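Novice: My file is run-v9.cif. It has mmCIF, C-alpha atoms:
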data_model
loop_
_atom_site.label_atom_id
_atom_site.label_comp_id
_atom_site.auth_asym_id
_atom_site.auth_seq_id
_atom_site.Cartn_x
_atom_site.Cartn_y
_atom_site.Cartn_z
CA HIS A 1 -19.26 -9.61 -29.84
CA ASP A 2 -20.78 -12.92 -30.90
CA THR A 3 -17.47 -14.29 -32.13
CA GLU A 4 -13.92 -13.67 -31.02
CA HIS A 5 -11.78 -11.62 -33.36
CA ASP A 6 -8.65 -9.51 -33.56
CA THR A 7 -8.60 -6.03 -35.04
CA ARG A 8 -5.47 -4.70 -36.64
CA GLY A 9 -4.85 -0.96 -36.88
CA GLN A 10 -3.40 0.57 -40.02
CA THR A 11 0.14 1.76 -39.29
CA ALA A 12 2.62 2.98 -41.93
CA GLY A 13 1.70 0.34 -44.49
CA GLU A 14 2.73 -2.61 -42.31
CA PRO A 15 1.26 -5.97 -43.28
CA ALA A 16 -1.93 -6.91 -41.44
CA THR A 17 -0.22 -9.74 -39.55
CA GLU A 18 2.93 -7.84 -38.52
CA HIS A 19 2.04 -7.88 -34.81
CA VAL A 20 -0.08 -11.05 -34.74
CA LEU A 21 2.26 -13.90 -33.85
CA ASP A 22 -0.35 -16.66 -33.79
CA ALA A 23 -4.02 -15.82 -34.31
CA GLY A 24 -5.04 -19.47 -34.11
CA PRO A 25 -8.72 -19.92 -34.98
CA VAL A 26 -9.48 -16.26 -34.24
CA PRO A 27 -10.08 -14.22 -37.41
CA VAL A 28 -7.96 -11.10 -38.00
CA VAL A 29 -9.94 -8.10 -39.25
CA ARG A 30 -8.18 -5.15 -40.89
CA ILE A 31 -9.63 -1.74 -39.95
CA ASP A 32 -8.76 1.84 -40.85
CA ARG A 33 -7.60 3.27 -37.53
CA GLY A 34 -4.21 3.54 -35.85
CA GLY A 35 -2.79 1.11 -33.34
CA GLN A 36 -1.54 -2.44 -33.60
CA VAL A 37 -3.68 -5.27 -32.23
CA THR A 38 -6.84 -5.25 -30.15
CA TRP A 39 -8.49 -8.49 -29.07
CA HIS A 40 -12.26 -8.64 -28.62
CA GLY A 41 -14.08 -11.54 -27.01
CA PRO A 42 -17.65 -12.67 -26.37
CA GLY A 43 -19.52 -10.46 -23.91
CA GLN A 44 -16.98 -7.65 -24.10
CA LEU A 45 -18.39 -4.14 -23.92
CA VAL A 46 -16.33 -1.36 -25.53
CA ALA A 47 -17.07 2.34 -24.99
CA TYR A 48 -15.28 5.26 -26.65
CA VAL A 49 -15.47 8.63 -24.92
CA MET A 50 -15.42 11.72 -27.12
CA LEU A 51 -15.37 15.07 -25.34
CA ASP A 52 -13.58 18.40 -25.20
CA LEU A 53 -11.45 18.41 -22.03
CA ARG A 54 -10.93 22.17 -22.19
CA ARG A 55 -14.65 22.76 -22.29
CA ALA A 56 -15.18 20.18 -19.53
CA GLY A 57 -12.65 22.05 -17.39
CA TYR A 58 -10.38 19.19 -16.35
CA GLY A 59 -7.37 17.25 -17.59
CA VAL A 60 -6.48 13.69 -18.53
CA ARG A 61 -5.82 12.55 -14.94
CA GLU A 62 -9.28 13.66 -13.82
CA LEU A 63 -10.85 12.10 -16.93
CA VAL A 64 -9.25 8.74 -16.10
CA ARG A 65 -10.38 9.03 -12.47
CA ARG A 66 -13.97 9.76 -13.54
CA LEU A 67 -14.01 6.92 -16.06
CA GLU A 68 -12.72 4.54 -13.41
CA GLN A 69 -15.29 5.75 -10.88
CA SER A 70 -18.11 5.38 -13.38
CA VAL A 71 -17.17 1.73 -13.91
CA ILE A 72 -16.98 1.19 -10.14
CA ASP A 73 -20.41 2.80 -9.69
CA LEU A 74 -21.87 0.71 -12.52
CA ALA A 75 -20.47 -2.48 -10.99
CA ALA A 76 -21.95 -1.51 -7.61
CA GLY A 77 -25.37 -1.36 -9.26
CA TYR A 78 -24.97 -5.05 -10.09
CA GLY A 79 -23.82 -5.94 -6.58
CA ILE A 80 -20.14 -6.09 -7.51
CA ASP A 81 -17.65 -4.50 -5.09
CA ALA A 82 -14.95 -2.97 -7.31
CA THR A 83 -12.04 -0.97 -5.90
CA GLY A 84 -9.72 1.35 -7.74
CA ALA A 85 -7.23 4.12 -7.11
CA ASN A 86 -9.36 5.72 -4.43
CA SER A 87 -8.55 7.13 -1.02
CA ILE A 88 -9.98 6.19 2.37
CA THR A 89 -10.18 9.19 4.71
CA GLN A 90 -12.39 10.32 7.59
CA THR A 91 -14.10 13.42 8.95
CA GLY A 92 -15.08 11.98 12.33
CA ALA A 93 -13.76 9.47 14.84
CA ILE A 94 -14.27 5.73 14.45
CA THR A 95 -15.14 3.98 17.73
CA GLN A 96 -15.47 0.23 18.15
CA ALA A 97 -17.11 -1.37 21.17
CA ALA A 98 -14.86 -3.30 23.53
CA SER A 99 -13.36 -6.51 22.16
CA ALA A 100 -14.63 -5.84 18.64
CA GLY A 101 -13.74 -7.74 15.51
CA ALA A 102 -11.18 -6.71 12.92
CA ALA A 103 -11.35 -3.33 11.21
CA SER A 104 -10.12 -3.67 7.61
CA PHE A 105 -9.42 -0.82 5.21
CA ILE A 106 -8.79 -1.86 1.61
CA THR A 107 -8.22 0.16 -1.54
CA GLY A 108 -6.07 0.00 -4.68
CA GLY A 109 -3.67 2.78 -5.60
CA GLY A 110 -4.98 5.28 -3.05
CA VAL A 111 -3.99 6.70 0.33
CA ILE A 112 -5.48 5.58 3.63
CA THR A 113 -5.63 8.42 6.17
CA LEU A 114 -7.31 7.65 9.49
CA THR A 115 -5.69 10.17 11.82
CA ASN A 116 -8.58 11.45 13.91
CA ALA A 117 -7.17 11.76 17.44
CA SER A 118 -10.34 10.22 18.94
CA ASN A 119 -10.31 6.98 16.96
CA ASP A 120 -10.68 3.93 19.20
CA PHE A 121 -10.11 0.61 17.45
CA THR A 122 -10.49 -2.34 19.80
CA GLY A 123 -10.15 -5.05 17.16
CA ALA A 124 -7.11 -5.68 14.98
CA VAL A 125 -6.70 -3.01 12.30
CA SER A 126 -5.62 -4.15 8.81
CA PHE A 127 -4.60 -2.07 5.81
CA THR A 128 -4.27 -2.92 2.12
CA ASN A 129 -3.23 -0.59 -0.68
CA THR A 130 -0.74 -0.36 -3.54
CA GLY A 131 1.57 2.14 -5.19
CA ALA A 132 3.24 5.23 -3.77
CA ASN A 133 0.36 5.99 -1.42
CA ASN A 134 0.78 6.67 2.28
CA VAL A 135 -1.06 4.82 5.04
CA SER A 136 -1.53 6.47 8.44
CA VAL A 137 -3.63 5.68 11.48
CA THR A 138 -4.09 7.13 14.94
CA ASP A 139 -5.69 5.49 17.96
CA ALA A 140 -6.53 7.26 21.21
CA ASN A 141 -5.74 4.03 23.03
CA ALA A 142 -3.76 0.86 22.39
CA ILE A 143 -3.74 -0.34 18.79
CA VAL A 144 -3.45 -3.89 17.47
CA LEU A 145 -2.32 -4.22 13.87
CA GLY A 146 -3.71 -7.06 11.80
CA ALA A 147 -2.21 -8.56 8.65
CA SER A 148 -1.47 -5.66 6.32
CA SER A 149 -0.04 -5.36 2.81
CA VAL A 150 0.82 -1.82 1.77
CA GLY A 151 2.48 -0.11 -1.17
CA THR A 152 5.60 2.02 -1.43
CA GLY A 153 4.30 5.00 0.51
CA THR A 154 5.02 5.69 4.17
CA PHE A 155 3.29 3.68 6.91
CA THR A 156 2.59 5.64 10.10
CA VAL A 157 1.00 4.32 13.30
CA ASN A 158 0.33 6.50 16.36
CA ALA A 159 -1.09 5.28 19.68
CA THR A 160 -1.53 8.37 21.81
CA GLY A 161 -0.94 8.33 25.55
CA ALA A 162 0.38 5.40 27.55
CA ASN A 163 -0.77 2.78 25.10
CA SER A 164 0.80 -0.17 23.34
CA ILE A 165 1.31 -0.97 19.66
CA THR A 166 1.12 -4.71 18.96
CA GLN A 167 0.17 -6.99 16.07
CA THR A 168 -1.71 -10.17 15.28
CA GLY A 169 -0.65 -10.46 11.62
CA ALA A 170 2.35 -9.65 9.48
CA ILE A 171 2.99 -6.20 8.02
CA THR A 172 4.36 -6.29 4.46
CA GLN A 173 5.60 -3.27 2.54
CA ALA A 174 6.17 -3.32 -1.22
CA ALA A 175 9.77 -3.15 -2.39
CA SER A 176 11.62 0.14 -1.75
CA ALA A 177 8.83 1.56 0.39
CA GLY A 178 8.88 4.69 2.51
CA THR A 179 9.49 4.87 6.26
CA ALA A 180 7.39 2.79 8.65
CA THR A 181 6.95 4.82 11.84
CA PHE A 182 5.45 3.55 15.09
CA THR A 183 4.95 6.10 17.86
CA THR A 184 3.34 5.92 21.28
CA GLY A 185 3.84 7.42 24.71
CA ALA A 186 4.53 5.26 27.76
CA GLY A 187 3.54 2.00 26.09
CA ALA A 188 5.29 -1.04 24.68
CA ILE A 189 5.86 -1.55 20.95
CA THR A 190 5.81 -5.23 20.05
CA LEU A 191 6.11 -6.03 16.35
CA THR A 192 7.53 -9.54 16.42
CA ASN A 193 5.56 -11.41 13.78
CA ALA A 194 8.12 -13.61 12.01
CA SER A 195 6.68 -12.74 8.58
CA ASN A 196 7.01 -8.96 8.82
CA ASP A 197 8.72 -7.47 5.78
CA PHE A 198 9.63 -3.81 6.17
CA THR A 199 11.41 -2.48 3.11
CA GLY A 200 11.54 1.13 4.25
CA ALA A 201 13.39 2.42 7.31
CA VAL A 202 11.60 1.51 10.57
CA SER A 203 11.34 4.21 13.24
CA LEU A 204 10.22 3.32 16.76
CA ASN A 205 9.32 5.86 19.42
CA ASN A 206 8.08 5.51 23.00
CA SER A 207 8.86 6.55 26.57
CA GLY A 208 9.09 5.13 30.07
CA ALA A 209 9.97 1.60 31.17
CA ASN A 210 8.35 0.01 28.15
CA ASN A 211 10.06 -2.49 25.87
CA VAL A 212 10.40 -2.08 22.12
CA SER A 213 10.88 -5.09 19.85
CA VAL A 214 10.68 -5.64 16.11
CA THR A 215 11.26 -8.62 13.81
CA ASP A 216 11.79 -8.67 10.05
CA ALA A 217 11.85 -11.77 7.86
CA ASN A 218 14.46 -10.05 5.72
CA ALA A 219 16.98 -7.23 6.10
CA ILE A 220 15.85 -4.36 8.31
CA ILE A 221 16.80 -0.70 8.14
CA LEU A 222 16.29 1.31 11.33
CA GLY A 223 15.27 4.92 11.01
CA THR A 224 15.61 7.66 13.61
CA SER A 225 14.22 6.26 16.87
CA SER A 226 13.80 7.58 20.39
CA VAL A 227 12.86 5.03 23.04
CA GLY A 228 12.37 4.89 26.79
CA THR A 229 14.09 2.91 29.51
CA GLY A 230 12.82 -0.51 28.52
CA THR A 231 14.73 -3.00 26.42
CA PHE A 232 15.21 -2.50 22.68
CA THR A 233 15.32 -5.67 20.57
CA VAL A 234 15.76 -6.02 16.80
CA ASN A 235 15.69 -9.35 14.96
CA ALA A 236 16.41 -9.88 11.25
CA THR A 237 15.85 -13.57 10.62
CA GLY A 238 18.05 -15.53 8.23
CA ALA A 239 21.12 -14.18 6.45
CA ASN A 240 19.97 -10.57 6.52
CA SER A 241 21.54 -7.31 7.54
CA ILE A 242 20.62 -4.79 10.21
CA THR A 243 21.51 -1.23 9.22
CA GLN A 244 20.28 2.27 9.97
CA THR A 245 19.56 5.62 8.32
CA GLY A 246 19.01 7.57 11.54
CA ALA A 247 20.28 7.61 15.12
CA ILE A 248 18.84 5.43 17.88
CA THR A 249 18.50 7.17 21.25
CA GLN A 250 17.67 5.40 24.49
CA ALA A 251 16.59 7.27 27.60
CA ALA A 252 19.06 7.41 30.51
CA SER A 253 19.61 4.12 32.37
CA ALA A 254 17.73 2.13 29.76
CA GLY A 255 17.60 -1.64 29.43
CA ALA A 256 19.66 -3.74 27.04
CA ALA A 257 19.68 -3.00 23.30
CA THR A 258 19.95 -6.30 21.40
CA PHE A 259 20.44 -6.80 17.65
CA ASN A 260 20.16 -10.35 16.28
CA THR A 261 20.57 -11.73 12.78
CA GLY A 262 22.00 -14.80 11.06
CA ALA A 263 24.75 -14.58 8.49
CA GLY A 264 24.23 -10.87 7.90
CA ALA A 265 26.11 -7.68 8.74
CA ILE A 266 25.10 -5.39 11.60
CA THR A 267 26.06 -1.79 10.86
CA LEU A 268 25.00 0.79 13.42
CA THR A 269 27.30 3.76 12.86
CA GLN A 270 25.03 6.78 13.26
CA SER A 271 25.19 9.22 16.20
CA ASN A 272 23.54 6.66 18.45
CA SER A 273 23.08 7.00 22.19
CA PHE A 274 22.63 3.60 23.82
#
Represent the structure of the file as C-alpha cells.
Specialist:
Amino acid sequence: HDTEHDTRGQTAGEPATEHVLDAGPVPVVRIDRGGQVTWHGPGQLVAYVMLDLRRAGYGVRELVRRLEQSVIDLAAGYGIDATGANSITQTGAITQAASAGAASFITGGGVITLTNASNDFTGAVSFTNTGANNVSVTDANAIVLGASSVGTGTFTVNATGANSITQTGAITQAASAGTATFTTGAGAITLTNASNDFTGAVSLNNSGANNVSVTDANAIILGTSSVGTGTFTVNATGANSITQTGAITQAASAGAATFNTGAGAITLTQSNSF
C-alpha cells in the first residue's frame, strides 16, 4: 500500500467508526466484508488463501503449519532466519570435538528432542523454546547446560554412566511448567546458578558418593528423587518456600541433606527416606 489506511468490515449495520477509537491522519475506508478493523501500512503484503481443505486432505491445524512454513521458507530465500512452531529432533548422534563451543538449539512453540544415546556434547548446551512443548536431551558423557529459557513442557536431562550434570548459565522455565528431571549414574549434579527459576517440580537422580545440589531464585518444588551417598543440598534464595510433590530417597549411609531458604516455609512431608 502506498498510503496507510484502515479498513472497516460491515457488521450488523454498525457505524463505520464503531471500533475506530482514534484514526488520526489515517483514512478509514468502508468495505463490504465482515470483521471490524484491519490496519494496512506501507510495504505490507496481504495474501488470501482460498482452497478446499477436504479435497486437500488436511485440516486447519495443518493448513496453518504449512502457511507458517511457507513464510519461513520465503524469508530464508532472502537470507532471513525465521523460526516458528517447529520441532528440533535427530536421527543420528551429535558429537562435538573435545572442548568445543556452545551447542544452542532454538525454536518457537515446538519440542526439542535430542535423546540419541550416543550424543556427546563437550560444550555448554543451551535450549530455547516456548509453549507446552517438552525439551529433552541425552549425553553419553558429562553434560554442561548453558543458559536456557524453556516453555511450560517438561525439561529432561540424562547423562548416562558415571558422568556429571553441571551448568554455566541459568535455566528458566515459563510459569507453571512441567517437571524438570536431571538423571545420571555415579556422577555429581550441580545446578547452583543463582538465577535458576524452576517452576515445575525438580527431580534429581544419581548414585554413588556424588553430591547433588540445586539453587532456585524463587520457590522450589522437589519431585520424586533418588540420590546416592553424597550430600544433598537445596537452596531457595529470598523469601521463598521449599516444598515437594514426591518422596526424596537417599542411599544408605548418605551425607547430609540440607535445605536452605530465607523467610519461606520448608515443607517436606512425603514418604521421604533421608
Novice: As a check of understanding, name the residues that the PyMOL selection byres ((chain A and resi 168) around 6) selects in the supplied structure, as a PDB file with C-alpha atoms, keeping the file's coordinate frame.
Specialist:
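Contents of selection-v4.pdb, as written:
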ATOM      1  CA  GLY A 146      -3.710  -7.060  11.800  1.00  0.00           C
ATOM      2  CA  GLN A 167       0.170  -6.990  16.070  1.00  0.00           C
ATOM      3  CA  GLY A 169      -0.650 -10.460  11.620  1.00  0.00           C
TER       4      GLY A 169
END
Novice: Please indicate the distance in Å from atom CA of Thr160 of chain A to atom CA of Phe182 of chain A, rounded to one decimal place.
Specialist: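 We find that atom CA of Thr160 of chain A and atom CA of Phe182 of chain A lie 10.8 Å from each other.
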Novice: Do you know which residues the PyMOL selection byres ((chain A and resi 119-126) around 9) returns on this file, as number ranges by chain?
Specialist: A: 92-106, 114-118, 127-128, 137-149, 167-169, 171
Novice: Produce a file of the selected residues containing C-alpha atoms, as a compact mmCIF listing (two decimals), in the coordinates of the input.
Specialist:
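Saved as result35.txt:
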# COMPACT_ATOMS: atom_id res chain seq x y z
CA GLY A 92 -15.08 11.98 12.33
CA ALA A 93 -13.76 9.47 14.84
CA ILE A 94 -14.27 5.73 14.45
CA THR A 95 -15.14 3.98 17.73
CA GLN A 96 -15.47 0.23 18.15
CA ALA A 97 -17.11 -1.37 21.17
CA ALA A 98 -14.86 -3.30 23.53
CA SER A 99 -13.36 -6.51 22.16
CA ALA A 100 -14.63 -5.84 18.64
CA GLY A 101 -13.74 -7.74 15.51
CA ALA A 102 -11.18 -6.71 12.92
CA ALA A 103 -11.35 -3.33 11.21
CA SER A 104 -10.12 -3.67 7.61
CA PHE A 105 -9.42 -0.82 5.21
CA ILE A 106 -8.79 -1.86 1.61
CA LEU A 114 -7.31 7.65 9.49
CA THR A 115 -5.69 10.17 11.82
CA ASN A 116 -8.58 11.45 13.91
CA ALA A 117 -7.17 11.76 17.44
CA SER A 118 -10.34 10.22 18.94
CA PHE A 127 -4.60 -2.07 5.81
CA THR A 128 -4.27 -2.92 2.12
CA VAL A 137 -3.63 5.68 11.48
CA THR A 138 -4.09 7.13 14.94
CA ASP A 139 -5.69 5.49 17.96
CA ALA A 140 -6.53 7.26 21.21
CA ASN A 141 -5.74 4.03 23.03
CA ALA A 142 -3.76 0.86 22.39
CA ILE A 143 -3.74 -0.34 18.79
CA VAL A 144 -3.45 -3.89 17.47
CA LEU A 145 -2.32 -4.22 13.87
CA GLY A 146 -3.71 -7.06 11.80
CA ALA A 147 -2.21 -8.56 8.65
CA SER A 148 -1.47 -5.66 6.32
CA SER A 149 -0.04 -5.36 2.81
CA GLN A 167 0.17 -6.99 16.07
CA THR A 168 -1.71 -10.17 15.28
CA GLY A 169 -0.65 -10.46 11.62
CA ILE A 171 2.99 -6.20 8.02
Novice: Report, in Å with one decimal, the straight-line distance from atom CA of Asn86 of chain A to atom CA of Ile72 of chain A.
Specialist: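 Value for the atom CA of Asn86 of chain A-atom CA of Ile72 of chain A distance: 10.5 Å.
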Novice: Translate the PyMOL selection byres ((chain A and resi 229-244) around 6) into a concrete residue list for this structure, as an NGL selection string.
Specialist: :A and (208-223 or 228 or 245-246 or 251 or 254-268)
Novice: Keeping only C-alpha atoms, write those residues as a tab-separated table (two decimals), in the coordinates of the input.
Specialist:
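File written: again_11.tsv
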chain	number	residue	atom	x	y	z
A	208	GLY	CA	9.09	5.13	30.07
A	209	ALA	CA	9.97	1.60	31.17
A	210	ASN	CA	8.35	0.01	28.15
A	211	ASN	CA	10.06	-2.49	25.87
A	212	VAL	CA	10.40	-2.08	22.12
A	213	SER	CA	10.88	-5.09	19.85
A	214	VAL	CA	10.68	-5.64	16.11
A	215	THR	CA	11.26	-8.62	13.81
A	216	ASP	CA	11.79	-8.67	10.05
A	217	ALA	CA	11.85	-11.77	7.86
A	218	ASN	CA	14.46	-10.05	5.72
A	219	ALA	CA	16.98	-7.23	6.10
A	220	ILE	CA	15.85	-4.36	8.31
A	221	ILE	CA	16.80	-0.70	8.14
A	222	LEU	CA	16.29	1.31	11.33
A	223	GLY	CA	15.27	4.92	11.01
A	228	GLY	CA	12.37	4.89	26.79
A	245	THR	CA	19.56	5.62	8.32
A	246	GLY	CA	19.01	7.57	11.54
A	251	ALA	CA	16.59	7.27	27.60
A	254	ALA	CA	17.73	2.13	29.76
A	255	GLY	CA	17.60	-1.64	29.43
A	256	ALA	CA	19.66	-3.74	27.04
A	257	ALA	CA	19.68	-3.00	23.30
A	258	THR	CA	19.95	-6.30	21.40
A	259	PHE	CA	20.44	-6.80	17.65
A	260	ASN	CA	20.16	-10.35	16.28
A	261	THR	CA	20.57	-11.73	12.78
A	262	GLY	CA	22.00	-14.80	11.06
A	263	ALA	CA	24.75	-14.58	8.49
A	264	GLY	CA	24.23	-10.87	7.90
A	265	ALA	CA	26.11	-7.68	8.74
A	266	ILE	CA	25.10	-5.39	11.60
A	267	THR	CA	26.06	-1.79	10.86
A	268	LEU	CA	25.00	0.79	13.42
Novice: Rank nothing, just name the residue among A:Ala162, A:Ala75, A:Val150, A:Ala201 nearest to Thr107 of chain A, using all atoms listed in the file.
Specialist: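 Result for the nearest residue to Thr107 of chain A: A:Val150.
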Novice: Mind pulling up the distance from atom CA of Asn196 of chain A to atom CA of Thr183 of chain A?
Specialist: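 Separating atom CA of Thr183 of chain A from atom CA of Asn196 of chain A is a distance of 17.7 Å.
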Novice: Tell me which of A:Ala247, A:Ala252, A:Gly110, A:Gly131 sits closest to Thr269 of chain A, counting only C-alpha atoms.
Specialist: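 Closest to Thr269 of chain A, using only C-alpha atoms: A:Ala247.
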Novice: As a VMD selection string, please: the residues near Asn133 of chain A (cut-off 10 Å, all atoms listed in the file, same-chain neighbours under 3 positions excluded).
Specialist: chain A and resid 85 87 108 to 113 129 to 130 150 to 155 177 to 178
